[in-house]
Amino acid sequence: RLLRVLSTNALQGETITLSVFMDAQGNENAVGFTLNFDSTALGASGVELGADAPTATLQPNLSQAAVGRLGVALSLPTGEAFSPGTKEILRVTLNVSSSASGAIPITVSDQLVTRCVSDVSAGELPVSFVNGTLTIAPMITSPMISILPSGTNVVLSWPLPAASFTLQSQSSPGGLSGNWSNMPVALQTN
């Protein structure tokens, strides 16, 4: 049984959603822990139940969010348990500072809410907690685009820190007039 913070990437100044997952064995009813983060780099602006915990009751402790601590207690209704497998139990919305950069640890501790997982009878279950990392890259305003032939098509690529960019087209030569629209293509990360 694991409770883990999903490591992810963000750009400076971006608002992101950080997920917390539990690799459940099928008898878990309640979870408690504290998330710790660098409050000079990140600000917590929201906490909500994850996609796999829609019927749970969430009790966040935001009293120390300004100093980088967020307490979480959530429980399913009495007698219910998570089914076995990987479950997204929590989503935390974080605002990334425009001056933050590098790898920012997101750790799990006992500071506000004690780390624990319990069964339907409120018995404590063994669990391992796995910290995550938020890697912050500088905001890219004009990424370098690479164009390579691929049969009768072309492949356009740009750096990963610009992953939130989309490919657009415009019918007017030179792009001086008319509307730009998003291309209906599937983007993928390599």
# chains A, B, ... in the order shown; residues from 1 in each chain; ligands from 1
$ select_by_dssp --residues "range 1-64 of chain A" --states "strand (DSSP E or B)" --output "number ranges by chain"
A: 2-5, 8-11, 15-24, 30-36, 42-49, 57-61
$ residues_around --residues "Trp180 in chain A" --least-positions-apart "5" --cutoff "10 Å" --atoms "only C-alpha atoms" --output "short mmCIF file (atom, residue, chain, number, x, y, z; two decimals) with N, CA and C atoms, in the first residue's frame"
data_model
loop_
_atom_site.label_atom_id
_atom_site.label_comp_id
_atom_site.auth_asym_id
_atom_site.auth_seq_id
_atom_site.Cartn_x
_atom_site.Cartn_y
_atom_site.Cartn_z
N LEU A 167 -0.35 24.10 -31.41
CA LEU A 167 -0.09 24.40 -32.81
C LEU A 167 -1.32 25.08 -33.39
N GLN A 168 -1.11 26.22 -34.06
CA GLN A 168 -2.20 26.96 -34.67
C GLN A 168 -1.92 27.19 -36.14
N SER A 169 -2.98 27.47 -36.88
CA SER A 169 -2.83 27.80 -38.30
C SER A 169 -3.67 29.03 -38.61
N GLN A 170 -3.36 29.59 -39.79
CA GLN A 170 -4.07 30.78 -40.23
C GLN A 170 -4.05 30.79 -41.75
N SER A 171 -5.14 31.11 -42.37
CA SER A 171 -5.24 31.00 -43.83
C SER A 171 -4.62 32.17 -44.59
N SER A 172 -4.43 33.30 -43.95
CA SER A 172 -3.88 34.47 -44.64
C SER A 172 -2.35 34.36 -44.73
N GLY A 175 0.35 35.66 -41.99
CA GLY A 175 -0.30 35.78 -40.69
C GLY A 175 -0.61 37.20 -40.28
#
$ residues_around --residues "range 49-57 of chain A" --least-positions-apart "6" --cutoff "6 Å" --atoms "only C-alpha atoms" --output "list in words"
Leu74, Ser75, Leu76, Lys87, Glu88, Ile89, Leu90 and Arg91 of chain A
$ closest_residue --among "A:Gly79, A:Pro126, A:Gly26, A:Gly71" --to "Val47 in chain A" --atoms "only C-alpha atoms"
A:Gly71
$ residues_around --residues "Glu124 in chain A" --least-positions-apart "3" --cutoff "12 Å" --atoms "only C-alpha atoms" --output "PDB file with N, CA, C and O atoms, in the first residue's frame"
ATOM      1  N   ASN A  27      -9.197  -2.336   1.248  1.00  0.00           N
ATOM      2  CA  ASN A  27      -9.831  -2.249   2.562  1.00  0.00           C
ATOM      3  C   ASN A  27      -9.628  -0.882   3.220  1.00  0.00           C
ATOM      4  O   ASN A  27      -9.884  -0.725   4.406  1.00  0.00           O
ATOM      5  N   GLU A  28      -9.208   0.112   2.445  1.00  0.00           N
ATOM      6  CA  GLU A  28      -8.934   1.440   2.987  1.00  0.00           C
ATOM      7  C   GLU A  28     -10.200   2.294   3.001  1.00  0.00           C
ATOM      8  O   GLU A  28     -10.892   2.387   2.012  1.00  0.00           O
ATOM      9  N   ASN A  29     -10.460   2.936   4.142  1.00  0.00           N
ATOM     10  CA  ASN A  29     -11.627   3.803   4.281  1.00  0.00           C
ATOM     11  C   ASN A  29     -11.245   5.266   4.495  1.00  0.00           C
ATOM     12  O   ASN A  29     -11.952   6.158   4.024  1.00  0.00           O
ATOM     13  N   ALA A  30     -10.137   5.526   5.192  1.00  0.00           N
ATOM     14  CA  ALA A  30      -9.776   6.903   5.537  1.00  0.00           C
ATOM     15  C   ALA A  30      -8.269   7.111   5.415  1.00  0.00           C
ATOM     16  O   ALA A  30      -7.487   6.172   5.578  1.00  0.00           O
ATOM     17  N   VAL A  31      -7.906   8.368   5.129  1.00  0.00           N
ATOM     18  CA  VAL A  31      -6.507   8.734   4.912  1.00  0.00           C
ATOM     19  C   VAL A  31      -6.248  10.088   5.576  1.00  0.00           C
ATOM     20  O   VAL A  31      -7.100  10.972   5.532  1.00  0.00           O
ATOM     21  N   GLY A  32      -5.066  10.223   6.175  1.00  0.00           N
ATOM     22  CA  GLY A  32      -4.664  11.505   6.742  1.00  0.00           C
ATOM     23  C   GLY A  32      -3.185  11.747   6.498  1.00  0.00           C
ATOM     24  O   GLY A  32      -2.400  10.802   6.490  1.00  0.00           O
ATOM     25  N   THR A 114      -1.644  13.729  11.175  1.00  0.00           N
ATOM     26  CA  THR A 114      -0.765  12.563  11.256  1.00  0.00           C
ATOM     27  C   THR A 114      -0.944  11.663  10.042  1.00  0.00           C
ATOM     28  O   THR A 114      -2.070  11.406   9.615  1.00  0.00           O
ATOM     29  N   ARG A 115       0.183  11.188   9.501  1.00  0.00           N
ATOM     30  CA  ARG A 115       0.135  10.247   8.373  1.00  0.00           C
ATOM     31  C   ARG A 115      -0.511   8.945   8.833  1.00  0.00           C
ATOM     32  O   ARG A 115      -0.040   8.311   9.779  1.00  0.00           O
ATOM     33  N   CYS A 116      -1.583   8.554   8.146  1.00  0.00           N
ATOM     34  CA  CYS A 116      -2.228   7.281   8.478  1.00  0.00           C
ATOM     35  C   CYS A 116      -3.210   6.891   7.381  1.00  0.00           C
ATOM     36  O   CYS A 116      -3.698   7.723   6.626  1.00  0.00           O
ATOM     37  N   VAL A 117      -3.464   5.606   7.306  1.00  0.00           N
ATOM     38  CA  VAL A 117      -4.527   5.041   6.480  1.00  0.00           C
ATOM     39  C   VAL A 117      -5.249   4.058   7.380  1.00  0.00           C
ATOM     40  O   VAL A 117      -4.615   3.268   8.086  1.00  0.00           O
ATOM     41  N   SER A 118      -6.579   4.088   7.375  1.00  0.00           N
ATOM     42  CA  SER A 118      -7.329   3.182   8.244  1.00  0.00           C
ATOM     43  C   SER A 118      -8.386   2.416   7.457  1.00  0.00           C
ATOM     44  O   SER A 118      -8.824   2.833   6.390  1.00  0.00           O
ATOM     45  N   ASP A 119      -8.796   1.287   8.039  1.00  0.00           N
ATOM     46  CA  ASP A 119      -9.796   0.436   7.403  1.00  0.00           C
ATOM     47  C   ASP A 119     -11.197   0.847   7.855  1.00  0.00           C
ATOM     48  O   ASP A 119     -11.367   1.834   8.579  1.00  0.00           O
ATOM     49  N   VAL A 120     -12.219   0.086   7.470  1.00  0.00           N
ATOM     50  CA  VAL A 120     -13.615   0.441   7.766  1.00  0.00           C
ATOM     51  C   VAL A 120     -13.926   0.381   9.254  1.00  0.00           C
ATOM     52  O   VAL A 120     -14.911   0.965   9.701  1.00  0.00           O
ATOM     53  N   SER A 121     -13.084  -0.289  10.037  1.00  0.00           N
ATOM     54  CA  SER A 121     -13.271  -0.355  11.498  1.00  0.00           C
ATOM     55  C   SER A 121     -12.383   0.648  12.218  1.00  0.00           C
ATOM     56  O   SER A 121     -12.222   0.566  13.434  1.00  0.00           O
ATOM     57  N   VAL A 127       1.315   1.408   5.626  1.00  0.00           N
ATOM     58  CA  VAL A 127       1.371   2.174   4.384  1.00  0.00           C
ATOM     59  C   VAL A 127       2.741   2.828   4.260  1.00  0.00           C
ATOM     60  O   VAL A 127       3.358   3.176   5.256  1.00  0.00           O
TER      61      VAL A 127
END
$ select_by_dssp --residues "range 50-188 of chain A" --states "helix (DSSP H, G or I)" --output "list in words"
Ala65, Ala66, Val67, Leu160, Pro161, Ala162, Pro173, Gly174 and Gly175 of chain A
$ write_last_selection --atoms "N, CA, C and O atoms" --output "CSV table (one decimal), in the first residue's frame"
chain,number,residue,atom,x,y,z
A,65,ALA,N,-1.1,27.0,5.4
A,65,ALA,CA,-0.9,27.0,3.9
A,65,ALA,C,0.1,28.1,3.5
A,65,ALA,O,1.0,27.9,2.7
A,66,ALA,N,0.0,29.2,4.2
A,66,ALA,CA,0.9,30.4,3.9
A,66,ALA,C,2.4,30.1,4.2
A,66,ALA,O,3.3,30.7,3.6
A,67,VAL,N,2.6,29.1,5.0
A,67,VAL,CA,4.0,28.7,5.4
A,67,VAL,C,4.4,27.4,4.8
A,67,VAL,O,5.4,26.8,5.2
A,160,LEU,N,10.2,20.9,-24.1
A,160,LEU,CA,9.3,20.4,-23.1
A,160,LEU,C,8.8,21.6,-22.2
A,160,LEU,O,7.6,21.6,-21.9
A,161,PRO,N,9.6,22.5,-21.8
A,161,PRO,CA,9.0,23.6,-21.0
A,161,PRO,C,7.9,24.4,-21.7
A,161,PRO,O,7.2,25.1,-21.0
A,162,ALA,N,7.8,24.3,-23.0
A,162,ALA,CA,6.7,24.9,-23.7
A,162,ALA,C,5.6,24.0,-24.0
A,162,ALA,O,4.8,24.1,-25.0
A,173,PRO,N,-1.8,34.5,-45.9
A,173,PRO,CA,-0.3,34.5,-46.0
A,173,PRO,C,0.4,35.5,-45.1
A,173,PRO,O,0.0,36.6,-45.0
A,174,GLY,N,1.4,35.0,-44.4
A,174,GLY,CA,2.2,35.9,-43.6
A,174,GLY,C,1.6,36.1,-42.2
A,174,GLY,O,2.2,36.7,-41.4
A,175,GLY,N,0.3,35.7,-42.0
A,175,GLY,CA,-0.3,35.8,-40.7
A,175,GLY,C,-0.6,37.2,-40.3
A,175,GLY,O,-0.7,37.5,-39.1
$ atom_distance --atom1 "CA of Glu80 in chain A" --atom2 "CA of Gly123 in chain A"
13.7 Å
$ atom_distance --atom1 "CA of Asp110 in chain A" --atom2 "CA of Asn36 in chain A"
9.7 Å
$ atom_distance --atom1 "CA of Ala100 in chain A" --atom2 "CA of Thr166 in chain A"
23.8 Å
$ residues_around --residues "Leu18 in chain A" --least-positions-apart "6" --cutoff "7 Å" --atoms "only C-alpha atoms" --output "VMD selection string"
chain A and resid 6 91 to 93
$ residues_around --residues "Pro105 in chain A" --least-positions-apart "2" --cutoff "12 Å" --atoms "only C-alpha atoms" --output "ChimeraX atom specification"
/A:5-9,35-39,41-42,68,101-103,107-108,130-136
$ closest_residue --among "A:Ala137, A:Ser19, A:Thr78, A:Val154" --to "Ala122 in chain A" --atoms "only C-alpha atoms"
A:Thr78
